[in-house]
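Single-structure report; data block below.
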Amino acid sequence: MLLINKIRENKDAFIQALNKRGFDATEVFDKALQLDQERRATQTRLDEKLAQSNTFSKEIGMLFKNGEVQKANLLKEKTVQLKEQSKELQERLNTLVEELQQVLYTIPNIPNKLVPAGTDENDNEVVFKEGEIPTLFEGALPHWELAKKYDLINFELGVKITGAGFPVYKGKGARLQRALIAYFLDKNTQAGYTEYQVPHLVNEASGLGTGQLPDKEGQMYHVTGDNLYLIPTAEVPVTNLFRGDLLMHNDLPIACTGYTPCFRREAGSYGAHVRGLNRLHQFDKVEIVRIEHPDNSYKALDQMVEHVKEILRELKLPFRILRLCGGDLGFTSALTYDFEVFSTAQDRWLEISSVSNFETFQANRLKLRFKDTNGKNKLAHTLNGSSLALPRVLAGILENYQTPNGIKIPEVLVPYCGFETIE
RNA sequence: AGAGAGGUGGCCGAGUGGUCGAAGGCGCACGCCUGGAAAGUGUGUAUCCCGAUUGCAUCGGGAUCGAGGGUUCGAAUCCCUUCCUCUCUGCCA
């Protein structure tokens with residue numbers, strides 16, 4: 001959520017920046033500023049009434065103390081009208097604050113200068129590319145065929161017990177999943193991220209804190225009986241760990257990692273590219289989250305990108321990094337780098353990680369602040385990234401490492417798997 | 001799920017109707033002490049909003065003691081609702 005006083009100060013610059021998203025903020029800003037102005041005027045009038053009430057109350061107290069009951073009672077009568085007025089003003093103020101909040105919820109984050117203009121994923125900027133795309137043998141298979149051939153993943157069983165998009169991993173497939181999770185967590189903790197195990201269901205306040213609510217209400221599974229949401233990413237519980245906190249400047253930076261399953265309804269996504277592991281309702285992901293001093297957050301973003309790079313290098317997967325254009329940028333993000341692995345058998349790039357800086361957009365909702373060296377309270381910057389999402393990494397490994405005689409396991413994973421090939 | 005207790009500032013913890021934004025401690029900041037540090041010692045130290053003035057410095061006002069509502073001229077303090085925590089009992093990985 002943007003800060004209203006920042007909008008007030010930078011209206012034109014913000015409108016221009018939001019244009020990169022294809023978002024015309026002119027009207028919303030006017031609406032918000034108008035509500036804000038009325039809010040402030042109401043606040044002022046309310047404060048005046050309350051100040052008067054307070055003065056009277058003090059006087060009445062003094063009069064009673066001095067035994068001047070009659071005078072006190074006279075004053076009491078005067079307060080009646082004041083009370084009514086301030087009550088009305090208070091109600092008006094409450095609705096204005098609420099309305100303003102609702103309007104602000106609809107405005108996405110201001111894109112960073114680096115974000116290229118553009119409307120969709122075709123306008124994303126490739127900023128880095130590495131790794132050799134292997135030439136596969138005749139008859140190489142996409143991962144869903146491989147999963148079947150080697151009995152690693154059973155999609156039909158998932159359909160039977162739950163529904164489409166809930167795969168069942170089996171045997172070496174299950175073991176490979178576990179190996180990847182352990183490997184990712186090890187890499188992250190070695191890089192200084194503290195490991196957390198967090199709940200997989202969150203309350204409404206958490207959903208609001210990181211911005212899933214109210215914007216993406218329909219994308220989360222909602223447990224209505226207890227009003228809890230299944231997490232779509234570990235970002236939600238991990239970032240919310242710090243909701244409402246006032247940190248000391250020397251508490252920063254904070255770096256966390258955690259593995260969780262992720263649940264997404266993926267309402268409205270269909271098409272040819274959702275086969276196999278490409279798009280699921282439940283999948284596993286290891287996430288990294290950072291809470292940073294504003295001066296350091298872009299350096300932190302770069303560090304996170306470097307960190308993910310190193311993992312993909314070790315896995316020897318061909319990958320590229322995209323800087324997302326305005327049209328493809330997430331609602332809450334100021335700058336996002338997507339990592340994609342090349343799926344040789346499908347002949348396409350698959351997104352496997354997304355690393356973002358949210359600046360103060362989440363922190364404002366979270367009320368996540370820190371006391372800086374001057375003793376002033378400031379909103380912190382929040383960042384997160386996948387390190388990494390499992391299904392498509394798995395797809396990439398299966399497809400790129402296949403041979404006519406089986407699938408080789410990437411060297412770094414062998415100690416975690418306990419086997420070198422799947423055959 | 002039943003019974004009881006409780007939710008206060010960055011943290012701990014006093015405070016049961018008016019001068020309480022709130023004692024005390026810890027932490028933190030600055031100073032003194034010291035060759036330096038520790039200890040000791042002095043001072044300071046909540047947040048948000050509105051307004052004036054405008055340099056994020058200062059001043060005035062308002063709100064905030066889990067959240068929401070009520071009683072009252074006046075509430076951290078009384079009442080109601082709700083959320084959460086703890087203890088005991090019950091149930092169960």
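In the structure tokens, chains take letters A, B, ... by order of appearance, with residues numbered from 1 within each chain and ligands from 1 in the order shown.
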- Quick one: everything within 10 Å of C50 in chain B, counting only C-alpha atoms (C1' of nucleotides), minus sequence neighbours fewer than 6 positions away in the same chain. Send it as a PyMOL selection string. (chain A and resi 39-48) or (chain B and resi 61-62)
- Task: Write out as a PyMOL selection string which residues come within 10 Å of Phe137 in chain A when counting only C-alpha atoms (C1' of nucleotides), dropping same-chain ones fewer than 4 positions away.
- Result: chain A and resi 141+402-404
- Message: So that I can check the surroundings of G70 in chain B, please list as a PyMOL selection string every protein, DNA and RNA residue that reaches within 12 Å of it, counting only C-alpha atoms (C1' of nucleotides) and ignoring chain neighbours fewer than 3 positions away.
- Response: chain B and resi 75+78-81
Selection file, N, CA and C atoms (P, O5', C5', C4', C3', O3' and C1' of nucleotides), as a short mmCIF file (atom, residue, chain, number, x, y, z; two decimals), in the first residue's frame:
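This went into again05.cif:
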```
data_model
loop_
_atom_site.label_atom_id
_atom_site.label_comp_id
_atom_site.auth_asym_id
_atom_site.auth_seq_id
_atom_site.Cartn_x
_atom_site.Cartn_y
_atom_site.Cartn_z
P A B 75 -13.21 9.26 29.54
"O5'" A B 75 -12.47 8.62 30.80
"C5'" A B 75 -11.05 8.74 31.02
"C4'" A B 75 -10.51 7.34 31.29
"C3'" A B 75 -10.66 6.46 30.07
"O3'" A B 75 -9.48 6.27 29.29
"C1'" A B 75 -11.68 5.45 32.01
P C B 78 -11.63 -2.33 36.29
"O5'" C B 78 -13.15 -1.83 36.26
"C5'" C B 78 -13.88 -1.62 37.46
"C4'" C B 78 -15.31 -1.31 37.14
"C3'" C B 78 -15.91 -2.14 36.00
"O3'" C B 78 -16.38 -3.39 36.47
"C1'" C B 78 -16.40 0.14 35.64
P C B 79 -16.42 -4.63 35.50
"O5'" C B 79 -17.64 -4.31 34.55
"C5'" C B 79 -18.97 -4.30 35.05
"C4'" C B 79 -19.94 -4.04 33.92
"C3'" C B 79 -19.77 -4.95 32.71
"O3'" C B 79 -20.43 -6.19 32.90
"C1'" C B 79 -19.92 -2.71 31.98
P C B 80 -19.86 -7.49 32.16
"O5'" C B 80 -20.31 -7.27 30.65
"C5'" C B 80 -21.67 -7.26 30.30
"C4'" C B 80 -21.84 -6.92 28.84
"C3'" C B 80 -21.07 -7.80 27.87
"O3'" C B 80 -21.74 -9.03 27.62
"C1'" C B 80 -20.77 -5.54 27.26
P U B 81 -20.85 -10.32 27.25
"O5'" U B 81 -20.39 -10.01 25.76
"C5'" U B 81 -21.34 -9.93 24.70
"C4'" U B 81 -20.66 -9.49 23.43
"C3'" U B 81 -19.48 -10.34 22.99
"O3'" U B 81 -19.88 -11.52 22.32
"C1'" U B 81 -18.90 -8.05 22.83
#
```
- Distance query range 277-290 of chain A at most 6 Å, only C-alpha atoms (C1' of nucleotides), self and fewer than 5 positions along chain excluded, as a ChimeraX atom specification: /A:165-166,254-265,382-391
Select, as a PDB file with N, CA and C atoms (P, O5', C5', C4', C3', O3' and C1' of nucleotides), in the first residue's frame, those residues of chain B with any atom no more than 10 Å from chain A (distances computed using only C-alpha atoms (C1' of nucleotides)).
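As a result, iface-v9.pdb now contains:
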```
ATOM      1  P     G B  10       6.711   0.530  21.950  1.00  0.00           P
ATOM      2  O5'   G B  10       8.179  -0.050  21.768  1.00  0.00           O
ATOM      3  C5'   G B  10       8.458  -0.873  20.643  1.00  0.00           C
ATOM      4  C4'   G B  10       9.605  -1.785  20.953  1.00  0.00           C
ATOM      5  C3'   G B  10       9.421  -2.644  22.196  1.00  0.00           C
ATOM      6  O3'   G B  10       8.703  -3.815  21.892  1.00  0.00           O
ATOM      7  C1'   G B  10      11.542  -1.621  22.254  1.00  0.00           C
ATOM      8  P     G B  18      -8.924   8.749  40.002  1.00  0.00           P
ATOM      9  O5'   G B  18      -8.900   9.975  38.987  1.00  0.00           O
ATOM     10  C5'   G B  18      -8.394   9.813  37.651  1.00  0.00           C
ATOM     11  C4'   G B  18      -8.326  11.167  36.988  1.00  0.00           C
ATOM     12  C3'   G B  18      -7.416  12.124  37.761  1.00  0.00           C
ATOM     13  O3'   G B  18      -6.205  12.346  37.042  1.00  0.00           O
ATOM     14  C1'   G B  18      -9.633  13.060  37.403  1.00  0.00           C
ATOM     15  P     U B  19      -5.767  12.503  35.678  1.00  0.00           P
ATOM     16  O5'   U B  19      -4.847  13.755  36.034  1.00  0.00           O
ATOM     17  C5'   U B  19      -3.889  14.316  35.199  1.00  0.00           C
ATOM     18  C4'   U B  19      -3.000  15.104  36.107  1.00  0.00           C
ATOM     19  C3'   U B  19      -2.255  14.269  37.135  1.00  0.00           C
ATOM     20  O3'   U B  19      -1.104  13.688  36.554  1.00  0.00           O
ATOM     21  C1'   U B  19      -3.126  16.226  38.144  1.00  0.00           C
ATOM     22  P     C B  28      22.220  -1.924  25.359  1.00  0.00           P
ATOM     23  O5'   C B  28      21.612  -0.676  24.572  1.00  0.00           O
ATOM     24  C5'   C B  28      21.046  -0.846  23.276  1.00  0.00           C
ATOM     25  C4'   C B  28      20.346   0.419  22.839  1.00  0.00           C
ATOM     26  C3'   C B  28      21.211   1.674  22.897  1.00  0.00           C
ATOM     27  O3'   C B  28      22.049   1.784  21.761  1.00  0.00           O
ATOM     28  C1'   C B  28      19.108   2.130  23.880  1.00  0.00           C
ATOM     29  P     A B  29      23.473   2.519  21.930  1.00  0.00           P
ATOM     30  O5'   A B  29      23.057   4.052  21.999  1.00  0.00           O
ATOM     31  C5'   A B  29      22.467   4.692  20.870  1.00  0.00           C
ATOM     32  C4'   A B  29      22.200   6.139  21.192  1.00  0.00           C
ATOM     33  C3'   A B  29      23.376   6.886  21.796  1.00  0.00           C
ATOM     34  O3'   A B  29      24.268   7.346  20.815  1.00  0.00           O
ATOM     35  C1'   A B  29      21.434   7.309  23.074  1.00  0.00           C
ATOM     36  P     U B  45      12.751  12.575  27.953  1.00  0.00           P
ATOM     37  O5'   U B  45      12.879  11.256  27.063  1.00  0.00           O
ATOM     38  C5'   U B  45      13.095  11.350  25.657  1.00  0.00           C
ATOM     39  C4'   U B  45      13.339   9.979  25.084  1.00  0.00           C
ATOM     40  C3'   U B  45      12.256   8.954  25.388  1.00  0.00           C
ATOM     41  O3'   U B  45      11.187   9.099  24.472  1.00  0.00           O
ATOM     42  C1'   U B  45      14.390   7.983  25.732  1.00  0.00           C
ATOM     43  P     U B  47       8.694   7.269  19.261  1.00  0.00           P
ATOM     44  O5'   U B  47       7.324   6.808  18.592  1.00  0.00           O
ATOM     45  C5'   U B  47       7.197   5.495  18.065  1.00  0.00           C
ATOM     46  C4'   U B  47       5.758   5.208  17.746  1.00  0.00           C
ATOM     47  C3'   U B  47       5.078   6.196  16.810  1.00  0.00           C
ATOM     48  O3'   U B  47       5.398   5.927  15.455  1.00  0.00           O
ATOM     49  C1'   U B  47       3.662   5.766  18.637  1.00  0.00           C
ATOM     50  P     C B  49       1.325   9.509  10.946  1.00  0.00           P
ATOM     51  O5'   C B  49      -0.020  10.283  11.294  1.00  0.00           O
ATOM     52  C5'   C B  49      -1.277   9.798  10.835  1.00  0.00           C
ATOM     53  C4'   C B  49      -2.384  10.633  11.415  1.00  0.00           C
ATOM     54  C3'   C B  49      -2.296  12.123  11.134  1.00  0.00           C
ATOM     55  O3'   C B  49      -2.769  12.446   9.842  1.00  0.00           O
ATOM     56  C1'   C B  49      -2.791  11.805  13.401  1.00  0.00           C
ATOM     57  P     C B  50      -2.216  13.735   9.124  1.00  0.00           P
ATOM     58  O5'   C B  50      -2.963  14.910   9.901  1.00  0.00           O
ATOM     59  C5'   C B  50      -4.367  15.050   9.806  1.00  0.00           C
ATOM     60  C4'   C B  50      -4.821  16.210  10.657  1.00  0.00           C
ATOM     61  C3'   C B  50      -4.109  17.524  10.405  1.00  0.00           C
ATOM     62  O3'   C B  50      -4.605  18.191   9.262  1.00  0.00           O
ATOM     63  C1'   C B  50      -4.232  17.160  12.715  1.00  0.00           C
ATOM     64  P     G B  51      -3.632  19.111   8.432  1.00  0.00           P
ATOM     65  O5'   G B  51      -3.378  20.328   9.411  1.00  0.00           O
ATOM     66  C5'   G B  51      -4.431  21.231   9.694  1.00  0.00           C
ATOM     67  C4'   G B  51      -4.038  22.177  10.787  1.00  0.00           C
ATOM     68  C3'   G B  51      -2.844  23.069  10.500  1.00  0.00           C
ATOM     69  O3'   G B  51      -3.189  24.159   9.664  1.00  0.00           O
ATOM     70  C1'   G B  51      -2.662  22.204  12.682  1.00  0.00           C
ATOM     71  P     C B  56      10.323  20.096   6.977  1.00  0.00           P
ATOM     72  O5'   C B  56      11.075  19.006   7.863  1.00  0.00           O
ATOM     73  C5'   C B  56      10.559  18.636   9.116  1.00  0.00           C
ATOM     74  C4'   C B  56      10.892  17.201   9.417  1.00  0.00           C
ATOM     75  C3'   C B  56      12.056  17.000  10.385  1.00  0.00           C
ATOM     76  O3'   C B  56      11.605  17.113  11.721  1.00  0.00           O
ATOM     77  C1'   C B  56      12.235  15.527   8.524  1.00  0.00           C
ATOM     78  P     G B  61      -1.559  22.137  24.147  1.00  0.00           P
ATOM     79  O5'   G B  61      -2.565  21.443  23.128  1.00  0.00           O
ATOM     80  C5'   G B  61      -3.831  22.033  22.868  1.00  0.00           C
ATOM     81  C4'   G B  61      -4.531  21.300  21.761  1.00  0.00           C
ATOM     82  C3'   G B  61      -4.774  19.821  22.000  1.00  0.00           C
ATOM     83  O3'   G B  61      -5.847  19.573  22.877  1.00  0.00           O
ATOM     84  C1'   G B  61      -3.983  20.134  19.804  1.00  0.00           C
ATOM     85  P     G B  62      -5.873  18.254  23.743  1.00  0.00           P
ATOM     86  O5'   G B  62      -6.215  17.166  22.631  1.00  0.00           O
ATOM     87  C5'   G B  62      -7.472  17.205  21.968  1.00  0.00           C
ATOM     88  C4'   G B  62      -7.517  16.138  20.903  1.00  0.00           C
ATOM     89  C3'   G B  62      -7.277  14.720  21.401  1.00  0.00           C
ATOM     90  O3'   G B  62      -8.419  14.161  22.002  1.00  0.00           O
ATOM     91  C1'   G B  62      -6.002  15.096  19.456  1.00  0.00           C
ATOM     92  P     A B  63      -8.251  13.111  23.160  1.00  0.00           P
ATOM     93  O5'   A B  63      -7.821  11.820  22.327  1.00  0.00           O
ATOM     94  C5'   A B  63      -8.716  11.247  21.386  1.00  0.00           C
ATOM     95  C4'   A B  63      -8.016  10.182  20.586  1.00  0.00           C
ATOM     96  C3'   A B  63      -7.421   9.041  21.408  1.00  0.00           C
ATOM     97  O3'   A B  63      -8.392   8.080  21.758  1.00  0.00           O
ATOM     98  C1'   A B  63      -5.837   9.788  19.823  1.00  0.00           C
ATOM     99  P     C B  73     -22.540  12.705  32.855  1.00  0.00           P
ATOM    100  O5'   C B  73     -21.232  13.363  32.247  1.00  0.00           O
ATOM    101  C5'   C B  73     -21.333  14.387  31.257  1.00  0.00           C
ATOM    102  C4'   C B  73     -20.021  15.115  31.167  1.00  0.00           C
ATOM    103  C3'   C B  73     -18.790  14.235  31.092  1.00  0.00           C
ATOM    104  O3'   C B  73     -18.541  13.796  29.777  1.00  0.00           O
ATOM    105  C1'   C B  73     -18.441  15.901  32.722  1.00  0.00           C
ATOM    106  P     G B  74     -18.135  12.322  29.533  1.00  0.00           P
ATOM    107  O5'   G B  74     -16.737  12.238  30.282  1.00  0.00           O
ATOM    108  C5'   G B  74     -15.606  12.887  29.707  1.00  0.00           C
ATOM    109  C4'   G B  74     -14.415  12.757  30.611  1.00  0.00           C
ATOM    110  C3'   G B  74     -13.974  11.335  30.926  1.00  0.00           C
ATOM    111  O3'   G B  74     -13.168  10.825  29.878  1.00  0.00           O
ATOM    112  C1'   G B  74     -14.023  12.596  32.911  1.00  0.00           C
TER     113        G B  74
END
```
- Message: Could you tell me how far CA of Glu310 in chain A sits from CA of Leu329 in chain A, in Å to one decimal place?
- Response: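 Here the two named atoms are 24.0 Å from each other.
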- So how far away is CA of Ala164 in chain A from CA of Val393 in chain A, in Å? 20.1 Å
- Task: Go through range 80-234 of chain A and collect every residue that DSSP, computed from the backbone, puts in alpha helix (DSSP H); the answer should be as JSON, numbers by chain.
- Result: {"A": [80, 81, 82, 83, 84, 85, 86, 87, 88, 89, 90, 91, 92, 93, 94, 95, 96, 97, 98, 99, 100, 101, 102, 103, 104, 105, 143, 144, 145, 146, 147, 148, 149, 155, 156, 157, 158, 159, 160, 161, 172, 173, 174, 175, 176, 177, 178, 179, 180, 181, 182, 183, 184, 185, 186, 187, 188, 189, 190, 204, 205, 206, 207, 208, 209, 210]}
- If you run DSSP over the backbone, which residues in range 238-328 of chain A end up strand (DSSP E)? Put them as JSON, numbers by chain. {"A": [246, 247, 248, 254, 255, 256, 257, 258, 259, 260, 261, 262, 263, 282, 283, 284, 285, 286, 287, 288, 289, 290, 291, 292, 319, 320, 321, 322, 323]}
Export, as a tab-separated table (two decimals), in the first residue's frame, the selected residues with C-alpha atoms.
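Result file again_5.tsv:
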```
chain	number	residue	atom	x	y	z
A	246	LEU	CA	9.45	-1.92	15.61
A	247	LEU	CA	12.99	-3.13	15.12
A	248	MET	CA	16.22	-1.51	16.17
A	254	ILE	CA	17.10	-9.92	8.73
A	255	ALA	CA	17.37	-12.90	6.42
A	256	CYS	CA	15.09	-15.91	6.65
A	257	THR	CA	14.49	-19.03	4.67
A	258	GLY	CA	11.81	-21.64	4.92
A	259	TYR	CA	10.38	-24.59	3.10
A	260	THR	CA	6.62	-24.88	2.74
A	261	PRO	CA	4.15	-26.40	0.38
A	262	CYS	CA	2.27	-23.73	-1.54
A	263	PHE	CA	-1.40	-23.83	-2.42
A	282	GLN	CA	0.01	-27.68	-4.58
A	283	PHE	CA	3.75	-27.51	-4.95
A	284	ASP	CA	6.83	-27.20	-2.81
A	285	LYS	CA	9.00	-24.17	-2.55
A	286	VAL	CA	11.91	-22.92	-0.50
A	287	GLU	CA	11.70	-19.21	0.02
A	288	ILE	CA	14.11	-16.51	1.11
A	289	VAL	CA	12.88	-13.34	2.78
A	290	ARG	CA	14.80	-10.27	3.82
A	291	ILE	CA	13.97	-7.24	5.92
A	292	GLU	CA	16.34	-4.45	4.99
A	319	PHE	CA	18.93	-20.49	-17.20
A	320	ARG	CA	18.26	-16.87	-17.91
A	321	ILE	CA	17.23	-13.90	-15.82
A	322	LEU	CA	14.49	-11.50	-16.81
A	323	ARG	CA	13.78	-8.08	-15.51
```
- Length of the CA of Leu368 in chain A to CA of His381 in chain A vector [Å]: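 Pair CA of Leu368 in chain A / CA of His381 in chain A returns 8.6 Å.
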- Query: Near Val236 in chain A, within 7 Å and counting only C-alpha atoms (C1' of nucleotides), which residues show up once chain neighbours fewer than 3 positions away are dropped, as a PyMOL selection string?
  - Reply: chain A and resi 206-207+210+231+233+239-240
